Amino acid sequence: MLDIHDAHHAAPTWRDFFIHIATIVLGLIIAVSLEQTVEYFHHRHQAREARVSIQREMADNVAIMQRNLQHLVADQEQLSKNLDLLNSAASGTVILPYLEYAWHQARMRDAAWAAAKINGSLALIPPDQIGRADYFYASVDDLTPTVVAYFTDVDTAGAVVDHARTAGKLTAFERQQLVSLTASAMGHNKLIFHISSYQIQALQSSDLQ
């Protein structure tokens, strides 16, 4: 009969145990290091993409705001003419054809900035590089109520003029309404112009590289 015996193994020693543990620890260190390296480069890629997108968006906004400023100047001149006509001694019938109310403002773009905030890539960009950009986008939000008030003044005045033209006359009450609305619109126009000028400076001097 053929006898089969178990293989003889040397009894494990403390040295073998520590080598085994060290191998496991080293493997874990390598795995964590690789994961952190991949995450680091992923974050760098995210930050770079966000930076490029925001830079492009800010350049577009500079062009938009420069056109908006030109429109604000022209609209302010028209509002001033309207106020002069309304405060003149000319009758409502005479001044009615010359009253014009319109606003010409394009909305700022903020998709890249909003996306960077949502996906967390904005937090990967050093704060000292996004300070002026943050001021711009925050001030656009802060200025929104004033912009809406300006649009409301102008549109309401335009509606009053349209009604008067349909009726063929401008009543004393409507004339006084227009004086108030025009003065309010001029004030809002002036504030928007000043804040927009600061916003352009912030964009043009941004440290976002």
# chains A, B, ... in the order shown; residues from 1 in each chain; ligands from 1

$ residues_around --residues "segment 192-199 of chain A" --least-positions-apart "4" --cutoff "7 Å" --atoms "only C-alpha atoms" --output "ChimeraX atom specification"
/A:65,69,72,136,147,188,203

$ closest_atom_pairs --of "segment 74-122 of chain A" --to "segment 155-178 of chain A" --cutoff "9 Å" --atoms "only C-alpha atoms" --output "Markdown table"
| residue | atom | partner | partner_atom | distance |
| --- | --- | --- | --- | --- |
| A:Asn82 | CA | A:Leu178 | CA | 8.8 |
| A:Leu83 | CA | A:Leu178 | CA | 8.2 |
| A:Leu86 | CA | A:Arg175 | CA | 6.7 |
| A:Asn87 | CA | A:Arg175 | CA | 9.0 |
| A:Ser91 | CA | A:Leu170 | CA | 8.5 |
| A:Gly92 | CA | A:Leu170 | CA | 5.0 |
| A:Thr93 | CA | A:Lys169 | CA | 5.8 |
| A:Ile95 | CA | A:Leu170 | CA | 9.0 |
| A:Leu96 | CA | A:Leu170 | CA | 7.1 |
| A:Pro97 | CA | A:Arg165 | CA | 8.0 |
| A:Leu99 | CA | A:Val161 | CA | 7.4 |
| A:Glu100 | CA | A:Gly158 | CA | 7.2 |
| A:Tyr101 | CA | A:Gly158 | CA | 5.2 |
| A:Ala102 | CA | A:Asp155 | CA | 7.0 |
| A:Trp103 | CA | A:Asp155 | CA | 8.2 |

$ write_last_selection --atoms "N, CA, C and O atoms" --output "PDB file, in the first residue's frame"
ATOM      1  N   ASN A  82     -37.719 113.275 -22.866  1.00  0.00           N
ATOM      2  CA  ASN A  82     -39.114 113.074 -22.475  1.00  0.00           C
ATOM      3  C   ASN A  82     -39.483 113.954 -21.285  1.00  0.00           C
ATOM      4  O   ASN A  82     -40.562 114.576 -21.256  1.00  0.00           O
ATOM      5  N   LEU A  83     -38.580 114.016 -20.303  1.00  0.00           N
ATOM      6  CA  LEU A  83     -38.865 114.810 -19.108  1.00  0.00           C
ATOM      7  C   LEU A  83     -38.942 116.297 -19.455  1.00  0.00           C
ATOM      8  O   LEU A  83     -39.799 117.016 -18.916  1.00  0.00           O
ATOM      9  N   LEU A  86     -42.326 116.837 -21.041  1.00  0.00           N
ATOM     10  CA  LEU A  86     -43.404 116.742 -20.063  1.00  0.00           C
ATOM     11  C   LEU A  86     -43.458 117.973 -19.157  1.00  0.00           C
ATOM     12  O   LEU A  86     -44.535 118.383 -18.709  1.00  0.00           O
ATOM     13  N   ASN A  87     -42.288 118.560 -18.872  1.00  0.00           N
ATOM     14  CA  ASN A  87     -42.232 119.737 -18.006  1.00  0.00           C
ATOM     15  C   ASN A  87     -42.375 121.049 -18.775  1.00  0.00           C
ATOM     16  O   ASN A  87     -42.342 122.126 -18.175  1.00  0.00           O
ATOM     17  N   SER A  91     -48.721 121.618 -25.008  1.00  0.00           N
ATOM     18  CA  SER A  91     -49.879 120.794 -24.666  1.00  0.00           C
ATOM     19  C   SER A  91     -49.558 119.314 -24.839  1.00  0.00           C
ATOM     20  O   SER A  91     -48.612 118.932 -25.537  1.00  0.00           O
ATOM     21  N   GLY A  92     -50.397 118.475 -24.221  1.00  0.00           N
ATOM     22  CA  GLY A  92     -50.207 117.037 -24.332  1.00  0.00           C
ATOM     23  C   GLY A  92     -50.314 116.560 -25.765  1.00  0.00           C
ATOM     24  O   GLY A  92     -49.593 115.653 -26.178  1.00  0.00           O
ATOM     25  N   THR A  93     -51.194 117.172 -26.531  1.00  0.00           N
ATOM     26  CA  THR A  93     -51.370 116.780 -27.930  1.00  0.00           C
ATOM     27  C   THR A  93     -50.100 117.042 -28.731  1.00  0.00           C
ATOM     28  O   THR A  93     -49.741 116.261 -29.619  1.00  0.00           O
ATOM     29  N   ILE A  95     -46.867 117.246 -27.509  1.00  0.00           N
ATOM     30  CA  ILE A  95     -45.706 116.468 -27.087  1.00  0.00           C
ATOM     31  C   ILE A  95     -45.889 114.958 -27.266  1.00  0.00           C
ATOM     32  O   ILE A  95     -44.901 114.222 -27.365  1.00  0.00           O
ATOM     33  N   LEU A  96     -47.129 114.502 -27.332  1.00  0.00           N
ATOM     34  CA  LEU A  96     -47.399 113.063 -27.373  1.00  0.00           C
ATOM     35  C   LEU A  96     -46.644 112.325 -28.479  1.00  0.00           C
ATOM     36  O   LEU A  96     -46.094 111.247 -28.230  1.00  0.00           O
ATOM     37  N   PRO A  97     -46.563 112.837 -29.701  1.00  0.00           N
ATOM     38  CA  PRO A  97     -45.865 112.103 -30.769  1.00  0.00           C
ATOM     39  C   PRO A  97     -44.359 111.960 -30.533  1.00  0.00           C
ATOM     40  O   PRO A  97     -43.718 111.107 -31.147  1.00  0.00           O
ATOM     41  N   LEU A  99     -42.839 111.484 -27.478  1.00  0.00           N
ATOM     42  CA  LEU A  99     -42.489 110.704 -26.281  1.00  0.00           C
ATOM     43  C   LEU A  99     -42.146 109.271 -26.685  1.00  0.00           C
ATOM     44  O   LEU A  99     -42.950 108.591 -27.323  1.00  0.00           O
ATOM     45  N   GLU A 100     -40.970 108.820 -26.305  1.00  0.00           N
ATOM     46  CA  GLU A 100     -40.525 107.460 -26.634  1.00  0.00           C
ATOM     47  C   GLU A 100     -39.974 106.777 -25.385  1.00  0.00           C
ATOM     48  O   GLU A 100     -39.157 107.359 -24.672  1.00  0.00           O
ATOM     49  N   TYR A 101     -40.427 105.553 -25.154  1.00  0.00           N
ATOM     50  CA  TYR A 101     -39.972 104.794 -23.993  1.00  0.00           C
ATOM     51  C   TYR A 101     -39.573 103.376 -24.418  1.00  0.00           C
ATOM     52  O   TYR A 101     -40.391 102.636 -24.970  1.00  0.00           O
ATOM     53  N   ALA A 102     -38.333 103.029 -24.182  1.00  0.00           N
ATOM     54  CA  ALA A 102     -37.840 101.687 -24.497  1.00  0.00           C
ATOM     55  C   ALA A 102     -36.551 101.437 -23.736  1.00  0.00           C
ATOM     56  O   ALA A 102     -35.806 102.374 -23.443  1.00  0.00           O
ATOM     57  N   TRP A 103     -36.312 100.188 -23.389  1.00  0.00           N
ATOM     58  CA  TRP A 103     -35.042  99.821 -22.766  1.00  0.00           C
ATOM     59  C   TRP A 103     -34.351  98.792 -23.647  1.00  0.00           C
ATOM     60  O   TRP A 103     -34.996  98.022 -24.353  1.00  0.00           O
TER      61      TRP A 103
END

$ atom_distance --atom1 "atom CA of Val140 of chain A" --atom2 "atom CA of Asp75 of chain A"
20.2 Å

$ closest_residue --among "A:Leu79, A:Ile54, A:Val73, A:Met108" --to "Asp134 of chain A" --atoms "only C-alpha atoms"
A:Ile54

$ closest_residue --among "A:Arg56, A:Arg51, A:Arg67, A:Arg109" --to "Ile125 of chain A" --atoms "only C-alpha atoms"
A:Arg51

$ select_by_dssp --residues "segment 102-203 of chain A" --states "alpha helix (DSSP H)" --output "tab-separated table (two decimals) with C-alpha atoms, in the first residue's frame"
chain	number	residue	atom	x	y	z
A	111	ALA	CA	-23.97	79.21	-17.06
A	112	ALA	CA	-20.25	78.39	-16.67
A	113	TRP	CA	-20.07	80.02	-13.23
A	114	ALA	CA	-23.24	78.28	-12.05
A	115	ALA	CA	-22.05	74.89	-13.35
A	116	ALA	CA	-18.67	75.30	-11.61
A	117	LYS	CA	-20.45	76.02	-8.32
A	118	ILE	CA	-22.77	73.04	-8.68
A	119	ASN	CA	-20.14	70.42	-9.60
A	127	PRO	CA	-9.84	82.03	-3.74
A	128	ASP	CA	-7.41	84.81	-4.64
A	129	GLN	CA	-7.95	84.00	-8.33
A	130	ILE	CA	-11.73	84.22	-8.31
A	131	GLY	CA	-12.32	87.22	-6.03
A	132	ARG	CA	-13.17	89.70	-8.79
A	133	ALA	CA	-15.18	87.14	-10.74
A	134	ASP	CA	-17.16	86.36	-7.59
A	135	TYR	CA	-17.81	90.10	-7.10
A	136	PHE	CA	-19.09	90.37	-10.66
A	137	TYR	CA	-21.55	87.47	-10.48
A	138	ALA	CA	-22.73	88.41	-6.99
A	139	SER	CA	-23.25	92.06	-7.96
A	140	VAL	CA	-25.23	91.03	-11.04
A	141	ASP	CA	-27.64	89.21	-8.72
A	142	ASP	CA	-27.72	92.15	-6.29
A	143	LEU	CA	-28.47	94.58	-9.12
A	144	THR	CA	-31.35	92.52	-10.54
A	145	PRO	CA	-34.11	94.26	-8.50
A	146	THR	CA	-32.90	97.67	-9.75
A	147	VAL	CA	-32.83	96.43	-13.34
A	148	VAL	CA	-36.35	95.03	-13.01
A	149	ALA	CA	-37.54	98.33	-11.48
A	150	TYR	CA	-35.97	100.21	-14.42
A	151	PHE	CA	-37.70	97.97	-16.95
A	152	THR	CA	-40.98	98.35	-15.07
A	153	ASP	CA	-40.75	102.16	-15.04
A	154	VAL	CA	-40.02	102.32	-18.76
A	155	ASP	CA	-42.64	99.75	-19.77
A	156	THR	CA	-45.30	101.37	-17.58
A	157	ALA	CA	-44.56	104.79	-19.06
A	158	GLY	CA	-44.72	103.27	-22.54
A	159	ALA	CA	-48.12	101.76	-21.73
A	160	VAL	CA	-49.42	105.15	-20.55
A	161	VAL	CA	-48.22	106.80	-23.78
A	162	ASP	CA	-49.77	104.05	-25.90
A	163	HIS	CA	-53.08	104.50	-24.11
A	164	ALA	CA	-52.95	108.27	-24.55
A	165	ARG	CA	-52.22	107.93	-28.27
A	166	THR	CA	-55.14	105.54	-28.68
A	167	ALA	CA	-57.39	107.98	-26.83
A	172	ALA	CA	-53.07	116.01	-16.77
A	173	PHE	CA	-53.05	112.93	-14.53
A	174	GLU	CA	-51.28	110.83	-17.17
A	175	ARG	CA	-48.79	113.61	-17.72
A	176	GLN	CA	-47.96	113.68	-14.03
A	177	GLN	CA	-47.67	109.89	-14.02
A	178	LEU	CA	-45.17	110.11	-16.85
A	179	VAL	CA	-43.12	112.75	-15.04
A	180	SER	CA	-42.83	110.46	-12.01
A	181	LEU	CA	-42.08	107.33	-14.02
A	182	THR	CA	-39.53	109.10	-16.21
A	183	ALA	CA	-37.66	110.55	-13.24
A	184	SER	CA	-37.63	107.15	-11.54
A	185	ALA	CA	-36.38	105.44	-14.71
A	186	MET	CA	-33.59	108.01	-15.04
A	187	GLY	CA	-32.47	107.30	-11.49
A	188	HIS	CA	-32.46	103.55	-12.01
A	189	ASN	CA	-30.64	103.98	-15.33
A	190	LYS	CA	-27.93	106.01	-13.64
A	191	LEU	CA	-27.41	103.46	-10.86
A	192	ILE	CA	-27.24	100.56	-13.33
A	193	PHE	CA	-24.69	102.48	-15.40
A	194	HIS	CA	-22.39	103.11	-12.42
A	195	ILE	CA	-22.55	99.55	-11.09
A	196	SER	CA	-22.06	98.12	-14.59
A	197	SER	CA	-18.94	100.24	-15.01
A	198	TYR	CA	-17.48	98.72	-11.83
A	199	GLN	CA	-18.45	95.25	-13.01
A	200	ILE	CA	-16.57	95.70	-16.28
A	201	GLN	CA	-13.48	96.83	-14.38
A	202	ALA	CA	-13.73	93.73	-12.17
A	203	LEU	CA	-13.93	91.44	-15.19

$ atom_distance --atom1 "atom CA of Tyr98 of chain A" --atom2 "atom CA of Gln70 of chain A"
21.6 Å
